[in-house]
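Enquirer: For reference, this is work-v8.txt, and it has compact mmCIF, C-alpha atoms and all ligand atoms.
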```txt
# COMPACT_ATOMS: atom_id res chain seq x y z
CA MET R 3 -8.51 -10.69 16.63
CA LYS R 4 -6.12 -13.58 17.22
CA THR R 5 -2.58 -13.11 15.97
CA VAL R 6 0.22 -15.58 15.27
CA ASP R 7 1.66 -14.80 18.70
CA ASN R 8 -1.45 -16.22 20.41
CA TYR R 9 -1.30 -19.50 18.53
CA ASN R 10 0.88 -22.58 18.77
CA PHE R 11 1.41 -24.01 15.29
CA ALA R 12 3.15 -27.21 16.42
CA GLY R 13 2.09 -30.08 14.18
CA LYS R 14 -0.29 -27.82 12.23
CA LYS R 15 -0.41 -27.01 8.54
CA ALA R 16 -0.83 -23.26 8.30
CA LEU R 17 -2.49 -22.01 5.11
CA ILE R 18 -1.23 -18.45 4.77
CA ARG R 19 -2.63 -15.82 2.42
CA VAL R 20 0.40 -13.70 1.62
CA ASP R 21 0.85 -10.80 -0.77
CA PHE R 22 3.55 -12.03 -3.13
CA ASN R 23 2.41 -9.73 -5.90
CA VAL R 24 5.98 -8.60 -6.61
CA PRO R 25 7.32 -6.95 -9.75
CA LEU R 26 9.34 -9.25 -12.05
CA ASP R 27 11.59 -8.22 -14.93
CA ASN R 28 11.64 -9.84 -18.39
CA ASN R 29 13.80 -12.67 -17.06
CA PHE R 30 11.37 -13.28 -14.18
CA GLN R 31 13.80 -11.88 -11.64
CA ILE R 32 12.26 -10.11 -8.65
CA THR R 33 12.96 -6.38 -8.88
CA ASP R 34 11.48 -5.34 -5.52
CA ASP R 35 11.25 -7.90 -2.70
CA THR R 36 9.65 -5.63 -0.07
CA ARG R 37 6.47 -7.69 0.11
CA LEU R 38 8.36 -10.98 0.35
CA LYS R 39 10.59 -9.70 3.11
CA ALA R 40 7.58 -8.42 5.02
CA THR R 41 6.14 -11.92 5.49
CA ILE R 42 9.36 -13.58 6.70
CA PRO R 43 8.63 -13.11 10.45
CA THR R 44 5.18 -14.72 10.17
CA ILE R 45 6.53 -17.73 8.26
CA ASN R 46 9.45 -18.11 10.66
CA LYS R 47 7.17 -18.05 13.72
CA ILE R 48 5.11 -20.92 12.29
CA LEU R 49 8.17 -22.95 11.35
CA LYS R 50 9.76 -22.33 14.74
CA ASP R 51 6.65 -23.57 16.51
CA GLY R 52 6.99 -26.83 14.58
CA GLY R 53 4.32 -26.16 11.99
CA SER R 54 4.41 -26.40 8.22
CA VAL R 55 3.56 -23.59 5.84
CA ILE R 56 1.35 -23.51 2.74
CA LEU R 57 1.65 -20.19 0.94
CA MET R 58 -1.06 -18.84 -1.34
CA SER R 59 -1.00 -15.56 -3.23
CA HIS R 60 -1.96 -13.78 -6.39
CA LEU R 61 0.56 -12.34 -8.84
CA GLY R 62 -0.40 -9.67 -11.34
CA ARG R 63 -3.66 -9.63 -13.20
CA PRO R 64 -3.88 -12.78 -15.35
CA LYS R 65 -6.81 -12.44 -17.74
CA SER R 66 -7.82 -16.05 -18.29
CA GLY R 67 -6.09 -19.04 -16.80
CA PRO R 68 -2.43 -19.92 -16.30
CA THR R 69 0.41 -18.05 -18.01
CA GLU R 70 4.17 -18.26 -17.63
CA GLU R 71 4.30 -14.51 -17.00
CA PHE R 72 2.21 -14.69 -13.86
CA SER R 73 3.40 -18.01 -12.46
CA LEU R 74 4.49 -17.99 -8.84
CA LYS R 75 7.10 -20.65 -9.63
CA HIS R 76 9.47 -17.74 -10.34
CA LEU R 77 9.56 -17.10 -6.59
CA VAL R 78 10.59 -20.62 -5.52
CA GLU R 79 14.34 -20.00 -5.75
CA TYR R 80 14.17 -16.77 -3.76
CA LEU R 81 12.05 -18.41 -1.06
CA SER R 82 14.27 -21.49 -0.88
CA GLU R 83 17.34 -19.30 -0.36
CA THR R 84 15.55 -17.11 2.19
CA PHE R 85 14.32 -20.00 4.34
CA LYS R 86 17.31 -22.27 3.67
CA THR R 87 15.10 -25.16 2.68
CA GLN R 88 13.86 -26.39 -0.69
CA VAL R 89 10.43 -24.81 -1.03
CA LYS R 90 7.95 -27.17 -2.72
CA PHE R 91 5.70 -25.93 -5.48
CA ALA R 92 2.25 -27.07 -6.60
CA ASP R 93 1.53 -25.94 -10.14
CA ASP R 94 -2.14 -25.54 -9.32
CA CYS R 95 -3.59 -24.01 -6.17
CA ILE R 96 -6.33 -26.64 -5.88
CA GLY R 97 -6.73 -30.16 -7.26
CA GLU R 98 -5.07 -33.49 -6.61
CA GLN R 99 -1.44 -32.40 -6.82
CA ALA R 100 -1.91 -29.52 -4.39
CA ARG R 101 -3.86 -31.80 -2.07
CA GLN R 102 -1.18 -34.49 -2.07
CA LYS R 103 1.69 -32.06 -1.63
CA ALA R 104 -0.12 -30.34 1.23
CA GLN R 105 -0.95 -33.64 2.87
CA SER R 106 2.63 -34.95 2.80
CA LEU R 107 4.09 -31.70 4.13
CA LYS R 108 6.16 -32.23 7.28
CA PRO R 109 6.84 -29.77 10.12
CA GLY R 110 9.40 -27.21 8.99
CA GLU R 111 8.50 -27.56 5.31
CA ILE R 112 7.07 -24.93 2.98
CA LEU R 113 4.74 -25.41 0.02
CA LEU R 114 3.96 -22.60 -2.42
CA LEU R 115 0.73 -22.85 -4.40
CA GLU R 116 0.34 -21.55 -7.95
CA ASN R 117 -1.29 -18.14 -8.57
CA LEU R 118 -4.79 -17.99 -7.10
CA ARG R 119 -5.95 -15.66 -9.84
CA PHE R 120 -5.51 -18.34 -12.47
CA TYR R 121 -9.04 -19.13 -11.30
CA LYS R 122 -11.66 -16.46 -11.84
CA GLU R 123 -13.36 -17.92 -8.76
CA GLU R 124 -10.71 -16.23 -6.59
CA GLU R 125 -11.78 -12.66 -7.30
CA LYS R 126 -15.43 -13.66 -7.40
CA GLY R 127 -15.17 -14.94 -3.85
CA ASP R 128 -16.52 -18.32 -4.92
CA VAL R 129 -17.53 -20.45 -1.95
CA GLU R 130 -16.77 -23.86 -3.48
CA PHE R 131 -13.32 -22.70 -4.57
CA SER R 132 -12.70 -21.31 -1.09
CA LYS R 133 -13.70 -24.63 0.40
CA LYS R 134 -11.22 -26.51 -1.79
CA LEU R 135 -8.42 -24.16 -0.75
CA ALA R 136 -9.41 -24.42 2.89
CA ALA R 137 -9.14 -28.21 2.78
CA LEU R 138 -5.36 -27.87 2.35
CA GLY R 139 -4.62 -26.47 5.82
CA ASP R 140 -5.54 -26.84 9.49
CA VAL R 141 -5.33 -23.17 10.42
CA TYR R 142 -5.82 -20.03 8.31
CA VAL R 143 -3.42 -17.13 8.55
CA ASN R 144 -3.98 -13.88 6.70
CA ASP R 145 -0.88 -11.77 6.27
CA ALA R 146 -1.95 -10.00 3.08
CA PHE R 147 -3.07 -6.60 4.29
CA GLY R 148 -2.67 -5.24 0.74
CA THR R 149 -5.67 -7.29 -0.44
CA ALA R 150 -7.73 -7.11 2.76
CA HIS R 151 -10.11 -4.61 1.13
CA ARG R 152 -11.20 -7.28 -1.34
CA ALA R 153 -13.81 -9.92 -0.53
CA HIS R 154 -11.96 -12.57 -2.51
CA ALA R 155 -11.99 -16.31 -1.89
CA SER R 156 -8.55 -16.49 -0.25
CA THR R 157 -8.72 -13.16 1.59
CA ALA R 158 -12.14 -13.37 3.22
CA VAL R 159 -14.57 -16.10 2.10
CA ILE R 160 -12.21 -18.93 3.04
CA ALA R 161 -12.12 -17.96 6.74
CA GLN R 162 -15.57 -19.44 7.42
CA PHE R 163 -14.15 -22.93 6.88
CA PHE R 164 -11.66 -22.64 9.72
CA LYS R 165 -12.13 -22.85 13.45
CA ASP R 166 -8.70 -21.30 13.89
CA LYS R 167 -7.94 -18.10 11.97
CA VAL R 168 -5.26 -15.62 12.86
CA ALA R 169 -3.67 -12.43 11.61
CA GLY R 170 -0.02 -12.54 10.57
CA TYR R 171 2.52 -9.95 11.71
CA VAL R 172 2.13 -7.79 8.60
CA MET R 173 -1.64 -7.61 9.04
CA GLN R 174 -1.23 -6.88 12.74
CA ALA R 175 1.39 -4.16 12.24
CA GLU R 176 -0.56 -2.46 9.46
CA LEU R 177 -3.71 -2.29 11.59
CA ASP R 178 -1.85 -1.21 14.73
CA ASN R 179 -0.02 1.58 12.92
CA ALA R 180 -3.11 2.84 11.12
CA LYS R 181 -5.01 2.88 14.43
CA LYS R 182 -2.17 4.68 16.15
CA VAL R 183 -2.39 7.48 13.59
CA LEU R 184 -6.17 7.65 13.48
CA ASP R 185 -6.99 7.24 17.15
CA ASN R 186 -3.89 8.10 19.16
CA ALA R 187 -2.02 10.73 17.23
CA GLU R 188 0.34 12.87 19.19
CA ARG R 189 0.00 16.53 18.16
CA PRO R 190 0.76 18.33 16.00
CA PHE R 191 -0.61 15.78 13.51
CA THR R 192 0.18 16.51 9.87
CA ALA R 193 -1.28 14.67 6.90
CA ILE R 194 0.46 15.07 3.55
CA MET R 195 -1.68 14.21 0.55
CA GLY R 196 -0.35 14.17 -2.96
CA GLY R 197 -0.63 12.24 -6.20
CA ALA R 198 -2.72 12.68 -9.26
CA LYS R 199 -6.34 12.76 -8.29
CA ILE R 200 -8.54 14.26 -5.60
CA SER R 201 -11.27 11.80 -6.53
CA ASP R 202 -9.17 8.88 -5.23
CA LYS R 203 -8.51 10.55 -1.91
CA ILE R 204 -11.56 12.64 -1.19
CA LEU R 205 -13.00 10.35 1.48
CA ILE R 206 -9.79 10.13 3.41
CA ILE R 207 -9.21 13.89 3.16
CA GLU R 208 -12.69 14.51 4.57
CA ARG R 209 -12.08 12.11 7.43
CA LEU R 210 -8.68 13.62 8.16
CA LEU R 211 -10.25 17.05 8.52
CA ASP R 212 -11.65 15.79 11.83
CA LYS R 213 -8.29 14.60 13.03
CA VAL R 214 -5.31 16.61 11.83
CA ASP R 215 -3.79 19.95 12.76
CA ASN R 216 -2.12 20.47 9.39
CA LEU R 217 -3.22 19.19 6.01
CA ILE R 218 -0.64 19.56 3.26
CA ILE R 219 -1.86 19.11 -0.29
CA GLY R 220 0.64 18.74 -3.13
CA GLY R 221 1.00 16.95 -6.43
CA GLY R 222 -1.38 16.99 -9.36
CA MET R 223 -4.44 17.24 -7.15
CA SER R 224 -3.44 20.66 -5.81
CA TYR R 225 -4.23 22.39 -9.13
CA THR R 226 -7.93 21.67 -8.82
CA PHE R 227 -7.75 23.56 -5.52
CA PHE R 228 -6.09 26.53 -7.21
CA LYS R 229 -8.78 26.48 -9.88
CA ALA R 230 -11.32 26.57 -7.03
CA LEU R 231 -9.51 29.62 -5.64
CA GLY R 232 -9.91 31.39 -9.00
CA GLY R 233 -6.36 30.86 -10.22
CA ASN R 234 -5.07 30.29 -13.72
CA ILE R 235 -3.52 26.83 -13.70
CA GLY R 236 -2.47 26.67 -17.36
CA ASN R 237 -2.36 23.09 -18.62
CA SER R 238 -1.90 21.54 -15.18
CA LEU R 239 -3.90 18.52 -14.12
CA LEU R 240 -7.51 19.50 -13.50
CA GLU R 241 -10.50 17.52 -12.33
CA ALA R 242 -13.14 19.96 -13.52
CA ASP R 243 -15.95 18.08 -11.81
CA LYS R 244 -14.15 18.33 -8.47
CA VAL R 245 -13.70 22.10 -8.36
CA GLU R 246 -16.82 22.59 -6.22
CA LEU R 247 -15.66 19.85 -3.91
CA ALA R 248 -12.26 21.50 -3.56
CA LYS R 249 -14.04 24.73 -2.59
CA GLU R 250 -16.03 22.85 0.03
CA LEU R 251 -12.90 21.25 1.45
CA ILE R 252 -11.18 24.63 1.72
CA GLU R 253 -14.25 25.98 3.54
CA LYS R 254 -14.49 22.97 5.85
CA ALA R 255 -10.84 23.24 6.79
CA LYS R 256 -11.38 26.91 7.63
CA GLN R 257 -14.41 26.13 9.80
CA LYS R 258 -12.58 23.41 11.68
CA GLY R 259 -9.55 25.60 12.24
CA ILE R 260 -7.25 23.31 10.30
CA ASN R 261 -4.09 24.64 8.77
CA LEU R 262 -4.58 23.73 5.11
CA LEU R 263 -1.33 24.19 3.22
CA LEU R 264 -1.39 24.38 -0.55
CA PRO R 265 1.87 24.82 -2.45
CA GLN R 266 2.58 28.51 -3.07
CA ASP R 267 4.52 27.84 -6.24
CA SER R 268 5.24 25.15 -8.81
CA VAL R 269 7.91 24.00 -11.17
CA VAL R 270 6.03 24.27 -14.44
CA ALA R 271 6.98 22.67 -17.75
CA ASP R 272 6.05 23.22 -21.37
CA GLY R 273 5.49 19.49 -21.88
CA PHE R 274 4.95 16.29 -19.94
CA LYS R 275 8.53 15.06 -20.21
CA ASN R 276 11.69 15.15 -18.14
CA GLU R 277 13.55 17.27 -20.72
CA ALA R 278 10.81 19.88 -21.09
CA GLN R 279 11.66 23.53 -20.49
CA THR R 280 10.89 24.58 -16.94
CA LYS R 281 10.42 27.64 -14.77
CA THR R 282 8.96 28.34 -11.35
CA THR R 283 5.71 30.25 -11.06
CA ASP R 284 3.12 31.29 -8.55
CA ASN R 285 0.36 28.68 -8.47
CA LYS R 286 -2.44 31.07 -9.27
CA ASN R 287 -0.66 32.36 -12.37
CA ILE R 288 0.49 29.41 -14.43
CA PRO R 289 0.66 30.56 -18.05
CA ASP R 290 -1.32 28.76 -20.74
CA GLY R 291 0.77 26.04 -22.37
CA TRP R 292 2.60 25.31 -19.11
CA MET R 293 1.79 22.65 -16.53
CA GLY R 294 2.77 22.25 -12.90
CA LEU R 295 4.76 19.05 -12.47
CA ASP R 296 6.36 19.62 -9.06
CA ILE R 297 6.01 21.93 -6.07
CA GLY R 298 8.32 24.96 -6.14
CA GLU R 299 11.05 26.15 -3.80
CA LYS R 300 8.74 28.29 -1.61
CA ALA R 301 6.27 25.45 -1.22
CA ARG R 302 9.09 23.08 -0.29
CA GLN R 303 10.22 25.43 2.49
CA ASP R 304 6.63 25.89 3.77
CA PHE R 305 6.01 22.17 3.84
CA ILE R 306 9.37 21.28 5.40
CA LYS R 307 8.81 23.71 8.29
CA VAL R 308 5.44 22.21 9.19
CA ILE R 309 6.56 18.60 8.73
CA GLU R 310 9.68 18.98 10.84
CA ASN R 311 7.63 20.34 13.74
CA SER R 312 5.07 17.53 13.66
CA LYS R 313 4.74 14.69 16.12
CA THR R 314 2.58 12.47 13.91
CA ILE R 315 2.82 12.32 10.12
CA LEU R 316 0.74 10.47 7.57
CA TRP R 317 1.93 10.72 3.98
CA ASN R 318 0.17 9.45 0.89
CA GLY R 319 1.05 10.49 -2.66
CA PRO R 320 4.01 12.24 -4.30
CA MET R 321 4.39 16.03 -4.57
CA GLY R 322 5.03 15.90 -8.29
CA VAL R 323 5.82 13.64 -11.20
CA PHE R 324 8.64 12.12 -9.19
CA GLU R 325 9.25 9.38 -11.76
CA MET R 326 10.96 12.10 -13.85
CA PRO R 327 14.13 13.23 -12.03
CA ASN R 328 13.59 16.89 -12.95
CA PHE R 329 10.27 16.87 -11.08
CA ALA R 330 11.25 14.80 -8.07
CA LYS R 331 12.69 17.55 -5.87
CA GLY R 332 9.47 18.26 -3.99
CA THR R 333 8.87 14.62 -3.18
CA ILE R 334 12.49 14.18 -2.06
CA ALA R 335 12.32 17.30 0.13
CA VAL R 336 9.17 16.02 1.81
CA ALA R 337 10.72 12.58 2.31
CA GLU R 338 13.79 14.17 3.91
CA ALA R 339 11.63 16.30 6.19
CA VAL R 340 9.64 13.24 7.26
CA VAL R 341 12.91 11.46 8.11
CA LYS R 342 14.12 14.47 10.10
CA ALA R 343 10.86 14.68 12.05
CA THR R 344 11.07 10.94 12.76
CA GLU R 345 14.61 11.36 14.06
CA LYS R 346 13.27 14.05 16.40
CA GLY R 347 10.72 11.57 17.78
CA ALA R 348 7.70 11.86 15.49
CA PHE R 349 5.71 8.83 14.41
CA SER R 350 5.60 8.69 10.60
CA LEU R 351 3.41 6.40 8.55
CA ILE R 352 4.00 6.24 4.82
CA GLY R 353 0.86 5.05 3.13
CA GLY R 354 1.59 2.53 0.41
CA GLY R 355 1.74 3.10 -3.32
CA ASP R 356 3.94 5.78 -4.84
CA SER R 357 4.97 7.53 -1.63
CA ALA R 358 6.18 4.19 -0.26
CA ALA R 359 8.11 3.58 -3.49
CA ALA R 360 9.64 7.06 -3.26
CA VAL R 361 10.72 6.57 0.36
CA ASN R 362 12.13 3.11 -0.34
CA ASN R 363 13.95 4.23 -3.49
CA LEU R 364 15.63 7.00 -1.55
CA GLY R 365 16.78 4.42 0.98
CA PHE R 366 14.67 6.02 3.71
CA GLY R 367 12.51 2.96 4.41
CA GLU R 368 14.31 2.25 7.68
CA ARG R 369 14.38 5.89 8.73
CA VAL R 370 10.63 6.47 8.93
CA SER R 371 8.41 4.75 11.50
CA TYR R 372 6.44 2.52 9.15
CA VAL R 373 6.06 2.06 5.41
CA SER R 374 2.70 0.47 4.67
CA THR R 375 2.56 -2.37 2.15
CA GLY R 376 -1.08 -1.71 1.39
CA GLY R 377 -2.05 1.19 -0.87
CA GLY R 378 -5.78 0.81 -1.51
CA ALA R 379 -6.36 -1.24 1.62
CA LEU R 380 -4.80 1.40 3.86
CA LEU R 381 -6.76 4.20 2.24
CA GLU R 382 -10.03 2.30 2.65
CA TYR R 383 -9.24 1.48 6.25
CA MET R 384 -8.47 5.12 6.94
CA GLU R 385 -11.67 6.19 5.23
CA GLY R 386 -13.43 4.20 7.97
CA LYS R 387 -14.53 1.31 5.76
CA GLU R 388 -14.69 -2.22 7.08
CA LEU R 389 -12.14 -4.41 5.30
CA PRO R 390 -13.58 -7.87 4.42
CA GLY R 391 -10.23 -9.55 5.07
CA VAL R 392 -10.02 -8.04 8.55
CA LYS R 393 -13.66 -8.72 9.39
CA ALA R 394 -13.25 -12.37 8.37
CA LEU R 395 -10.59 -12.78 11.04
CA GLU R 396 -12.72 -11.18 13.71
CA VAL R 397 -15.85 -13.36 13.56
P1 LIG V 1 -1.60 8.56 -6.94
O1 LIG V 1 -1.61 7.16 -7.44
O2 LIG V 1 -2.93 9.24 -6.96
O3 LIG V 1 -0.88 8.70 -5.61
O4 LIG V 1 -0.77 9.39 -7.99
C1 LIG V 1 0.56 9.17 -8.23
C2 LIG V 1 0.92 9.74 -9.55
O5 LIG V 1 0.62 11.12 -9.56
C3 LIG V 1 2.37 9.61 -9.89
O6 LIG V 1 2.51 8.74 -10.98
C4 LIG V 1 2.79 11.02 -10.24
O7 LIG V 1 3.60 11.09 -11.40
C5 LIG V 1 1.48 11.71 -10.48
N1 LIG V 1 1.58 13.15 -10.25
C6 LIG V 1 2.00 13.77 -9.15
N2 LIG V 1 2.01 15.11 -9.33
C7 LIG V 1 1.59 15.34 -10.58
C8 LIG V 1 1.39 16.52 -11.37
N3 LIG V 1 1.66 17.73 -10.87
N4 LIG V 1 0.93 16.37 -12.62
C9 LIG V 1 0.67 15.15 -13.13
N5 LIG V 1 0.83 14.00 -12.44
C10 LIG V 1 1.29 14.09 -11.18
```
Could you write out this file's structure as structure tokens?
Ligand code: AMP

Expert:
Amino acid sequence: MKTVDNYNFAGKKALIRVDFNVPLDNNFQITDDTRLKATIPTINKILKDGGSVILMSHLGRPKSGPTEEFSLKHLVEYLSETFKTQVKFADDCIGEQARQKAQSLKPGEILLLENLRFYKEEEKGDVEFSKKLAALGDVYVNDAFGTAHRAHASTAVIAQFFKDKVAGYVMQAELDNAKKVLDNAERPFTAIMGGAKISDKILIIERLLDKVDNLIIGGGMSYTFFKALGGNIGNSLLEADKVELAKELIEKAKQKGINLLLPQDSVVADGFKNEAQTKTTDNKNIPDGWMGLDIGEKARQDFIKVIENSKTILWNGPMGVFEMPNFAKGTIAVAEAVVKATEKGAFSLIGGGDSAAAVNNLGFGERVSYVSTGGGALLEYMEGKELPGVKALEV
């Protein structure tokens, strides 16, 4: 796969698929610019070479056609300040205006196209739509790892219309770091899986059973495991149709000699709210009417010990309902342990979504090895699936 480092953009118009799907508040101010910041090096490399940049992205999930809420024009000011140049904006991603603005773009200039998802053709992977987008640039760059698992027009289909197609730095780093963990992990290798549902993570858990030394399971999904072990889990989250599967996973881990760590205890609450009454109980004996919303003190200590002695760490999913401060302790303790292990020389990869948000919110983003920007894409890659956006760059 070619990357931006193997390509000279001088005099070229680079059409870059970026992931500018950033959260905006009611006044259309950006509340988290992680994804924007991530693409700066790729854009700068192209500009420095003497190329011009055409940015295309989706924002949110517009239902039918253009809306103010999902317009990418809200990002123009931020981008102009970041790159110290007035970023141009085309209020349609295809059509005459986009074509003219792209055509008149000079080296060093940046053009942002309007939200790709204002056209249903984007998500359908429409070939004609892809062709119209492709006509805007000379070289295709994909730096949107977060959407690489989708065979959309701008993420995959479009690539066939370019002789030159390259991966941006974000794409390259995401793939390199995922490969490092999957294929070159220094031992002990510990995977930490949390979050709400086993069903979302079953494939990756199965694959990890062939790779890890320690598998830590926390969060809502752990209660289905305790049910499988014959425990009383009260009103905790349960995926009844996954109990058998949880049994199988426990058995498989045993056969493979993997250290499967389930939380010994939980902070349980008498309601799903921050102010609910709480107590700590053994995980096999959660009383009826109570639900586990965070891992308990004993579980925290167990997990910390294993994490701090690991050389490779992959973390996906919080240990509890970390959005509520009273149930965030487990997730914070794990984040701190991951930072400590990293400081001792471990390689730590935080896999997108909520665990990435937790690490960033705690200000630990710079103190772990890599925080992935792609939730679903990273999981699918780690499950061993071929990502259409990656494949399109390879052929
Ligand atoms: P996921 O997207 O699968 O990583 O799940 C993340 C969500 O799981 C977060 O919104 C958490 O609040 C939620 N979660 C974590 N632990 C629990 C729990 N014990 N009970 C209910 N929800 C949980």

Enquirer: Using all atoms listed in the file, which residues of the polymer chains come no farther than 6 Å from ligand LIG 1 (chain V)? I'd like the answer as a list in words.

Expert: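 My answer, listing the contacting residues, is Gly197, Ala198, Lys199, Gly221, Gly222, Leu239, Gly294, Leu295, Asp296, Gly319, Pro320, Met321, Gly322, Val323, Phe324, Glu325 and Asp356 of chain R.
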
Enquirer: From the list R:Ala153, R:Ala92, R:Ile56, R:Ile42, which residue is nearest Ile18 of chain R when using only C-alpha atoms?

Expert: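 Looking only at the distances to Ile18 of chain R, the closest residue turns out to be R:Ile56.
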
Enquirer: Select, from R:Ala16, R:Val159, R:Leu251, R:Met58, the residue with the minimum atom-to-atom distance to Gly127 of chain R, counting only C-alpha atoms.

Expert: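 Closest candidate: R:Val159.
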
Enquirer: Between R:Asn10, R:Ser66, R:Thr33, R:Thr192, which one has atoms that come closest to Asn318 of chain R, using all atoms listed in the file?

Expert: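 For Asn318 of chain R, the nearest of the candidates is R:Thr192.
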
Enquirer: Can you measure atom CA of Gly354 of chain R to atom CA of Thr149 of chain R for me? One decimal in Å is fine.

Expert: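 We find that atom CA of Gly354 of chain R and atom CA of Thr149 of chain R lie 12.2 Å from each other.
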
Enquirer: Up to 7 Å from (-6.0, -10.6, 13.4) in the file's coordinates: name the residues, counting all atoms listed in the file, as an MDAnalysis selection string.

Expert: chainID R and resid 3:5 168:170 173:174 392 395:396

Enquirer: Save out the residues we just selected, C-alpha atoms, as a PDB file, in the coordinates of the input.

Expert:
```pdb
ATOM      1  CA  MET R   3      -8.510 -10.690  16.630  1.00  0.00           C
ATOM      2  CA  LYS R   4      -6.120 -13.580  17.220  1.00  0.00           C
ATOM      3  CA  THR R   5      -2.580 -13.110  15.970  1.00  0.00           C
ATOM      4  CA  VAL R 168      -5.260 -15.620  12.860  1.00  0.00           C
ATOM      5  CA  ALA R 169      -3.670 -12.430  11.610  1.00  0.00           C
ATOM      6  CA  GLY R 170      -0.020 -12.540  10.570  1.00  0.00           C
ATOM      7  CA  MET R 173      -1.640  -7.610   9.040  1.00  0.00           C
ATOM      8  CA  GLN R 174      -1.230  -6.880  12.740  1.00  0.00           C
ATOM      9  CA  VAL R 392     -10.020  -8.040   8.550  1.00  0.00           C
ATOM     10  CA  LEU R 395     -10.590 -12.780  11.040  1.00  0.00           C
ATOM     11  CA  GLU R 396     -12.720 -11.180  13.710  1.00  0.00           C
TER      12      GLU R 396
END
```

Enquirer: Would you mind reading off the distance between atom CA of Phe131 of chain R and atom CA of Ala379 of chain R, one decimal, in Å?

Expert: 23.4 Å

Enquirer: Hey, can you check how far atom CA of Asn46 of chain R sits from atom CA of Lys393 of chain R?

Expert: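 One can read the atom CA of Asn46 of chain R to atom CA of Lys393 of chain R distance as 25.0 Å.
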
Enquirer: Report as a VMD selection string all protein, DNA and RNA residues lying within 12 Å of Thr344 of chain R, evaluated on only C-alpha atoms, omitting residues in the same chain fewer than 2 positions from it.

Expert: chain R and resid 309 to 316 337 to 342 346 to 352 366 to 372

Enquirer: Nearest to Val55 of chain R: which of R:Leu135, R:Val78, R:Ala230, R:Leu17 is it, counting all atoms listed in the file?

Expert: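 The shortest atom-to-atom distance to Val55 of chain R comes from R:Leu17.
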
Enquirer: Pick the closest to Glu111 of chain R from R:Ala146, R:Ala193, R:Ile48, R:Ala155: which is it, counting only C-alpha atoms?

Expert: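 Nearest to Glu111 of chain R: R:Ile48.
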
Enquirer: Using all atoms listed in the file, determine which residues lie at most 10 Å from Thr36 of chain R, disregarding the query and same-chain residues fewer than 6 positions distant; provide the list as a short mmCIF file (atom, residue, chain, number, x, y, z; two decimals) with C-alpha atoms, in the frame of the given file.

Expert:
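Final output, saved to selection37.cif:
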```
data_model
loop_
_atom_site.label_atom_id
_atom_site.label_comp_id
_atom_site.auth_asym_id
_atom_site.auth_seq_id
_atom_site.Cartn_x
_atom_site.Cartn_y
_atom_site.Cartn_z
CA PHE R 22 3.55 -12.03 -3.13
CA VAL R 24 5.98 -8.60 -6.61
CA ALA R 359 8.11 3.58 -3.49
CA ASN R 362 12.13 3.11 -0.34
CA THR R 375 2.56 -2.37 2.15
#
```

Enquirer: Hey, which of R:Ala40, R:Ala360, R:Leu61, R:Ala100 ends up closest to Tyr171 of chain R? Count all atoms listed in the file.

Expert: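 Looking at the shortest contact to Tyr171 of chain R, the residue is R:Ala40.
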
Enquirer: Quick one: residues within 7 Å of segment 241-250 of chain R, all atoms listed in the file, excluding same-chain residues fewer than 3 positions away - as JSON, numbers by chain?

Expert: {"R": [226, 227, 229, 230, 253, 254]}

Enquirer: Please list as an MDAnalysis selection string every residue within 7 Å of Gly220 of chain R, counting only C-alpha atoms and excluding residues in the same chain fewer than 6 positions away.

Expert: chainID R and resid 195:196 264:265 297 321

Enquirer: Report as a short mmCIF file (atom, residue, chain, number, x, y, z; two decimals) with C-alpha atoms, in the frame of the given file all protein, DNA and RNA residues lying within 8 Å of Gln105 of chain R, evaluated on all atoms listed in the file, omitting residues in the same chain fewer than 3 positions from it.

Expert:
```cif
data_model
loop_
_atom_site.label_atom_id
_atom_site.label_comp_id
_atom_site.auth_asym_id
_atom_site.auth_seq_id
_atom_site.Cartn_x
_atom_site.Cartn_y
_atom_site.Cartn_z
CA ARG R 101 -3.86 -31.80 -2.07
CA GLN R 102 -1.18 -34.49 -2.07
CA LEU R 138 -5.36 -27.87 2.35
#
```

Enquirer: Would you compute the box with edges along x, y and z of the file around segment 296-306 of chain R, including every atom the file lists for it and 3 Å extra on each side, and give its centre and edge lengths in Å to one decimal, as lines of an AutoDock Vina configuration file?

Expert:
```
center_x = 8.5
center_y = 24.0
center_z = -1.8
size_x = 11.0
size_y = 14.7
size_z = 20.5
```
